[in-house]
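*Asks:* Handing you a structure now.
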Amino acid sequence: MGWLFMSRDGMAPFATPQAYLDNQCTYLPDPDRGRTTGLRVLKSTVRSGAYYAACQSYDADGPRETFAIICLVKWNPAARSSEAFGYKDLTETMGPYNYDCPASILDLLGLPGNEHAAQWREHCRQRLALTARRKPSPGDMLVLAEPLTFTDGQSERSFRVVQSGHKTILCRVSDGVGVKISRLMSRAWTIVPPAIAPSAS
């Protein structure tokens, strides 16, 4: 399915993307229309441009499957056009490329529906493992798994974490030059605490 856009009036009576999508993912069985199962949202959130929900299907006999629904979200309540909200709905079985689903939702899911769903859950768990690491603090030494080459041609794996005014910066161990590392939290690295970090000399 493609993107669906609407105005804030079109979202009414829901004021946020999460509330609107929770409602879209909630419905009762309707045998008169040939729908023998209903759907309810157990838990949901919106983060990093996506809606994540643990949804459970059910019928007259009780709960059936619990799976993830992911909706890509565009939300601009101040948009000059009437299209303040847009979404594209997916399920985990479609192999979405958004992996910021929290553990509290992943933990509610049942067995994956196919290999795409299993891989998506694994990618989400890997991302959670990365972001759960302790953030570097001043005095630590951060060591990348692979050397990083900077625009000045210098290649480096080890960096001192230094407090500079109100900012925390990284300095290359080899020459003390302050650097920025893009997507740091998604990279593989370890922290060497100050007590055991070697000196640059």
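We name chains A, B, ... following the order of the structure tokens; residues begin at 1 in each chain, and ligands are numbered from 1 as shown.
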Near Ser48 (chain A), counting only C-alpha atoms, which residues have an atom at most 12 Å away, once you skip same-chain residues fewer than 2 positions from it, shown as a list in words?

*Replies:*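 Final neighbour list, sorted by chain and number: Thr45, Val46, Ala50, Tyr51, Tyr52, Ile70, Cys71, Leu72, Val73, Lys74, Trp75, Asn98, Tyr99, Asp100, Cys101 and Pro102 of chain A.
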
*Asks:* Print the selection's residues with C-alpha atoms to a file, as a PDB file, in the first residue's frame.

*Replies:*
```
ATOM      1  CA  THR A  45       4.469   4.073  20.165  1.00  0.00           C
ATOM      2  CA  VAL A  46       5.642   6.563  17.539  1.00  0.00           C
ATOM      3  CA  ALA A  50       7.437   5.279  12.445  1.00  0.00           C
ATOM      4  CA  TYR A  51       4.503   3.862  14.393  1.00  0.00           C
ATOM      5  CA  TYR A  52       5.140   0.496  16.062  1.00  0.00           C
ATOM      6  CA  ILE A  70       4.650  -0.765  11.463  1.00  0.00           C
ATOM      7  CA  CYS A  71       3.473   2.447   9.822  1.00  0.00           C
ATOM      8  CA  LEU A  72       5.844   4.966   8.315  1.00  0.00           C
ATOM      9  CA  VAL A  73       4.669   8.358   9.534  1.00  0.00           C
ATOM     10  CA  LYS A  74       4.940  11.915   8.252  1.00  0.00           C
ATOM     11  CA  TRP A  75       3.575  14.447  10.726  1.00  0.00           C
ATOM     12  CA  ASN A  98      12.653   0.544  10.316  1.00  0.00           C
ATOM     13  CA  TYR A  99      14.221  -1.099  13.375  1.00  0.00           C
ATOM     14  CA  ASP A 100      13.548   1.320  16.238  1.00  0.00           C
ATOM     15  CA  CYS A 101      10.817  -0.796  17.830  1.00  0.00           C
ATOM     16  CA  PRO A 102      11.139  -0.840  21.651  1.00  0.00           C
TER      17      PRO A 102
END
```

*Asks:* From a backbone DSSP assignment, name each residue in region 30-189 of chain A labelled alpha helix (DSSP H), as number ranges by chain.

*Replies:* A: 103-106, 115-131

*Asks:* For the selection you just gave me, I'd like the residues written to a file as a PDB file, in the first residue's frame, keeping N, CA, C and O atoms.

*Replies:*
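As a result, result19.pdb now contains:
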```pdb
ATOM      1  N   ALA A 103      11.717  -2.679  23.087  1.00  0.00           N
ATOM      2  CA  ALA A 103      11.628  -4.042  23.617  1.00  0.00           C
ATOM      3  C   ALA A 103      10.258  -4.322  24.216  1.00  0.00           C
ATOM      4  O   ALA A 103       9.766  -5.461  24.162  1.00  0.00           O
ATOM      5  N   SER A 104       9.618  -3.310  24.806  1.00  0.00           N
ATOM      6  CA  SER A 104       8.320  -3.518  25.443  1.00  0.00           C
ATOM      7  C   SER A 104       7.258  -3.975  24.451  1.00  0.00           C
ATOM      8  O   SER A 104       6.294  -4.646  24.830  1.00  0.00           O
ATOM      9  N   ILE A 105       7.438  -3.642  23.168  1.00  0.00           N
ATOM     10  CA  ILE A 105       6.519  -4.106  22.124  1.00  0.00           C
ATOM     11  C   ILE A 105       6.988  -5.454  21.577  1.00  0.00           C
ATOM     12  O   ILE A 105       6.194  -6.377  21.415  1.00  0.00           O
ATOM     13  N   LEU A 106       8.274  -5.590  21.317  1.00  0.00           N
ATOM     14  CA  LEU A 106       8.809  -6.862  20.820  1.00  0.00           C
ATOM     15  C   LEU A 106       8.489  -8.009  21.771  1.00  0.00           C
ATOM     16  O   LEU A 106       8.193  -9.133  21.339  1.00  0.00           O
ATOM     17  N   GLU A 115      10.013 -15.617   7.601  1.00  0.00           N
ATOM     18  CA  GLU A 115      11.426 -15.303   7.790  1.00  0.00           C
ATOM     19  C   GLU A 115      11.666 -13.799   7.821  1.00  0.00           C
ATOM     20  O   GLU A 115      12.537 -13.312   8.531  1.00  0.00           O
ATOM     21  N   HIS A 116      10.903 -13.039   7.035  1.00  0.00           N
ATOM     22  CA  HIS A 116      11.034 -11.576   7.050  1.00  0.00           C
ATOM     23  C   HIS A 116      10.757 -11.032   8.450  1.00  0.00           C
ATOM     24  O   HIS A 116      11.462 -10.152   8.938  1.00  0.00           O
ATOM     25  N   ALA A 117       9.714 -11.546   9.091  1.00  0.00           N
ATOM     26  CA  ALA A 117       9.367 -11.096  10.438  1.00  0.00           C
ATOM     27  C   ALA A 117      10.464 -11.461  11.429  1.00  0.00           C
ATOM     28  O   ALA A 117      10.836 -10.652  12.294  1.00  0.00           O
ATOM     29  N   ALA A 118      10.999 -12.667  11.301  1.00  0.00           N
ATOM     30  CA  ALA A 118      12.068 -13.107  12.214  1.00  0.00           C
ATOM     31  C   ALA A 118      13.304 -12.221  12.057  1.00  0.00           C
ATOM     32  O   ALA A 118      13.921 -11.823  13.052  1.00  0.00           O
ATOM     33  N   GLN A 119      13.657 -11.891  10.817  1.00  0.00           N
ATOM     34  CA  GLN A 119      14.820 -11.046  10.573  1.00  0.00           C
ATOM     35  C   GLN A 119      14.583  -9.629  11.076  1.00  0.00           C
ATOM     36  O   GLN A 119      15.485  -9.000  11.636  1.00  0.00           O
ATOM     37  N   TRP A 120      13.365  -9.121  10.870  1.00  0.00           N
ATOM     38  CA  TRP A 120      13.056  -7.767  11.351  1.00  0.00           C
ATOM     39  C   TRP A 120      13.192  -7.694  12.869  1.00  0.00           C
ATOM     40  O   TRP A 120      13.790  -6.759  13.400  1.00  0.00           O
ATOM     41  N   ARG A 121      12.688  -8.689  13.563  1.00  0.00           N
ATOM     42  CA  ARG A 121      12.795  -8.702  15.029  1.00  0.00           C
ATOM     43  C   ARG A 121      14.258  -8.776  15.463  1.00  0.00           C
ATOM     44  O   ARG A 121      14.659  -8.104  16.425  1.00  0.00           O
ATOM     45  N   GLU A 122      15.057  -9.572  14.765  1.00  0.00           N
ATOM     46  CA  GLU A 122      16.470  -9.692  15.111  1.00  0.00           C
ATOM     47  C   GLU A 122      17.193  -8.362  14.909  1.00  0.00           C
ATOM     48  O   GLU A 122      18.008  -7.959  15.733  1.00  0.00           O
ATOM     49  N   HIS A 123      16.883  -7.670  13.817  1.00  0.00           N
ATOM     50  CA  HIS A 123      17.491  -6.360  13.580  1.00  0.00           C
ATOM     51  C   HIS A 123      17.102  -5.368  14.677  1.00  0.00           C
ATOM     52  O   HIS A 123      17.922  -4.566  15.121  1.00  0.00           O
ATOM     53  N   CYS A 124      15.852  -5.419  15.103  1.00  0.00           N
ATOM     54  CA  CYS A 124      15.405  -4.539  16.193  1.00  0.00           C
ATOM     55  C   CYS A 124      16.157  -4.863  17.482  1.00  0.00           C
ATOM     56  O   CYS A 124      16.579  -3.954  18.209  1.00  0.00           O
ATOM     57  N   ARG A 125      16.331  -6.139  17.772  1.00  0.00           N
ATOM     58  CA  ARG A 125      17.061  -6.549  18.984  1.00  0.00           C
ATOM     59  C   ARG A 125      18.520  -6.110  18.904  1.00  0.00           C
ATOM     60  O   ARG A 125      19.097  -5.670  19.914  1.00  0.00           O
ATOM     61  N   GLN A 126      19.120  -6.219  17.732  1.00  0.00           N
ATOM     62  CA  GLN A 126      20.504  -5.788  17.565  1.00  0.00           C
ATOM     63  C   GLN A 126      20.625  -4.283  17.805  1.00  0.00           C
ATOM     64  O   GLN A 126      21.580  -3.824  18.440  1.00  0.00           O
ATOM     65  N   ARG A 127      19.673  -3.527  17.297  1.00  0.00           N
ATOM     66  CA  ARG A 127      19.704  -2.079  17.503  1.00  0.00           C
ATOM     67  C   ARG A 127      19.545  -1.747  18.988  1.00  0.00           C
ATOM     68  O   ARG A 127      20.220  -0.856  19.509  1.00  0.00           O
ATOM     69  N   LEU A 128      18.664  -2.457  19.656  1.00  0.00           N
ATOM     70  CA  LEU A 128      18.474  -2.231  21.088  1.00  0.00           C
ATOM     71  C   LEU A 128      19.754  -2.533  21.858  1.00  0.00           C
ATOM     72  O   LEU A 128      20.110  -1.825  22.797  1.00  0.00           O
ATOM     73  N   ALA A 129      20.458  -3.601  21.453  1.00  0.00           N
ATOM     74  CA  ALA A 129      21.706  -3.954  22.130  1.00  0.00           C
ATOM     75  C   ALA A 129      22.746  -2.856  21.964  1.00  0.00           C
ATOM     76  O   ALA A 129      23.507  -2.556  22.891  1.00  0.00           O
ATOM     77  N   LEU A 130      22.769  -2.237  20.786  1.00  0.00           N
ATOM     78  CA  LEU A 130      23.720  -1.152  20.555  1.00  0.00           C
ATOM     79  C   LEU A 130      23.390   0.077  21.397  1.00  0.00           C
ATOM     80  O   LEU A 130      24.259   0.666  22.035  1.00  0.00           O
ATOM     81  N   THR A 131      22.122   0.452  21.396  1.00  0.00           N
ATOM     82  CA  THR A 131      21.735   1.674  22.101  1.00  0.00           C
ATOM     83  C   THR A 131      21.696   1.489  23.611  1.00  0.00           C
ATOM     84  O   THR A 131      21.668   2.468  24.355  1.00  0.00           O
TER      85      THR A 131
END
```

*Asks:* What does the distance from CA of Arg187 (chain A) to CA of Gly153 (chain A) come to in Å, to one decimal?

*Replies:*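 Separation between CA of Arg187 (chain A) and CA of Gly153 (chain A): 20.1 Å.
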
*Asks:* Could you check the closest approach to Leu148 (chain A) for each of A:Ala15, A:Ile169, A:Leu28, A:Ile181 and tell me which residue wins, using only C-alpha atoms?

*Replies:*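 The answer is A:Ile181, which sits nearest to Leu148 (chain A).
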
*Asks:* Could you go through region 4-94 of chain A and tell me which residues DSSP, when run on the backbone, assigns to strand (DSSP E or B), listing them as a VMD selection string?

*Replies:* chain A and resid 4 to 6 27 30 35 38 to 47 50 to 59 62 to 75 85 to 91

*Asks:* Check the smallest atom-to-atom distance from each of A:Phe159, A:Thr37, A:Val192, A:Lys167 to Val179 (chain A) using only C-alpha atoms, then report the winner.

*Replies:* A:Phe159

*Asks:* How many Å lie between CA of Ser7 (chain A) and CA of Ala84 (chain A), rounded to one decimal?

*Replies:* 5.2 Å

*Asks:* Using only C-alpha atoms, can you tell me which of A:Ser82, A:Ser174, A:Thr151, A:Ser164 comes closest to Met6 (chain A)?

*Replies:*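 Smallest distance to Met6 (chain A) is found for A:Ser82.
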
*Asks:* Using only C-alpha atoms, determine which residues lie at most 10 Å from Asn23 (chain A), disregarding the query and same-chain residues fewer than 4 positions distant; provide the list as a PyMOL selection string.

*Replies:* chain A and resi 14+17-19+27+40-41

*Asks:* Excluding Val161 (chain A) and its own-chain neighbours fewer than 2 positions away, which residues fall within 7 Å of it when counting only C-alpha atoms? Please give them as a list of chain:residue names.

*Replies:*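 The filter keeps A:Pro136, A:Ser137, A:Pro138, A:Gly139, A:Asp140, A:Met141, A:Phe159, A:Gln163, A:Thr168, A:Ile169, A:Leu170, A:Cys171.
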
*Asks:* Next, the residues of the selection above should be written as a PDB file, in the first residue's frame with N, CA and C atoms.

*Replies:*
```pdb
ATOM      1  N   PRO A 136      29.694   6.982  26.229  1.00  0.00           N
ATOM      2  CA  PRO A 136      31.027   7.394  26.684  1.00  0.00           C
ATOM      3  C   PRO A 136      30.947   8.624  27.591  1.00  0.00           C
ATOM      4  N   SER A 137      31.779   8.620  28.630  1.00  0.00           N
ATOM      5  CA  SER A 137      31.860   9.744  29.570  1.00  0.00           C
ATOM      6  C   SER A 137      33.257  10.350  29.518  1.00  0.00           C
ATOM      7  N   PRO A 138      33.391  11.623  29.884  1.00  0.00           N
ATOM      8  CA  PRO A 138      34.717  12.248  29.902  1.00  0.00           C
ATOM      9  C   PRO A 138      35.712  11.407  30.699  1.00  0.00           C
ATOM     10  N   GLY A 139      36.886  11.210  30.112  1.00  0.00           N
ATOM     11  CA  GLY A 139      37.914  10.382  30.726  1.00  0.00           C
ATOM     12  C   GLY A 139      38.002   8.993  30.132  1.00  0.00           C
ATOM     13  N   ASP A 140      36.889   8.514  29.531  1.00  0.00           N
ATOM     14  CA  ASP A 140      36.905   7.203  28.884  1.00  0.00           C
ATOM     15  C   ASP A 140      37.739   7.247  27.609  1.00  0.00           C
ATOM     16  N   MET A 141      38.136   6.066  27.149  1.00  0.00           N
ATOM     17  CA  MET A 141      38.684   5.934  25.820  1.00  0.00           C
ATOM     18  C   MET A 141      37.737   5.045  25.026  1.00  0.00           C
ATOM     19  N   PHE A 159      39.925   6.886  20.711  1.00  0.00           N
ATOM     20  CA  PHE A 159      39.587   8.296  20.909  1.00  0.00           C
ATOM     21  C   PHE A 159      39.388   8.569  22.397  1.00  0.00           C
ATOM     22  N   GLN A 163      35.661  16.556  27.993  1.00  0.00           N
ATOM     23  CA  GLN A 163      34.669  17.597  28.256  1.00  0.00           C
ATOM     24  C   GLN A 163      35.237  18.937  27.810  1.00  0.00           C
ATOM     25  N   THR A 168      30.648  17.389  25.091  1.00  0.00           N
ATOM     26  CA  THR A 168      31.539  16.244  25.192  1.00  0.00           C
ATOM     27  C   THR A 168      32.034  15.924  23.796  1.00  0.00           C
ATOM     28  N   ILE A 169      33.351  15.906  23.609  1.00  0.00           N
ATOM     29  CA  ILE A 169      33.919  15.692  22.280  1.00  0.00           C
ATOM     30  C   ILE A 169      34.859  14.493  22.291  1.00  0.00           C
ATOM     31  N   LEU A 170      35.181  14.014  21.096  1.00  0.00           N
ATOM     32  CA  LEU A 170      36.134  12.929  20.917  1.00  0.00           C
ATOM     33  C   LEU A 170      37.426  13.481  20.340  1.00  0.00           C
ATOM     34  N   CYS A 171      38.551  13.063  20.905  1.00  0.00           N
ATOM     35  CA  CYS A 171      39.855  13.474  20.398  1.00  0.00           C
ATOM     36  C   CYS A 171      40.652  12.229  20.016  1.00  0.00           C
TER      37      CYS A 171
END
```
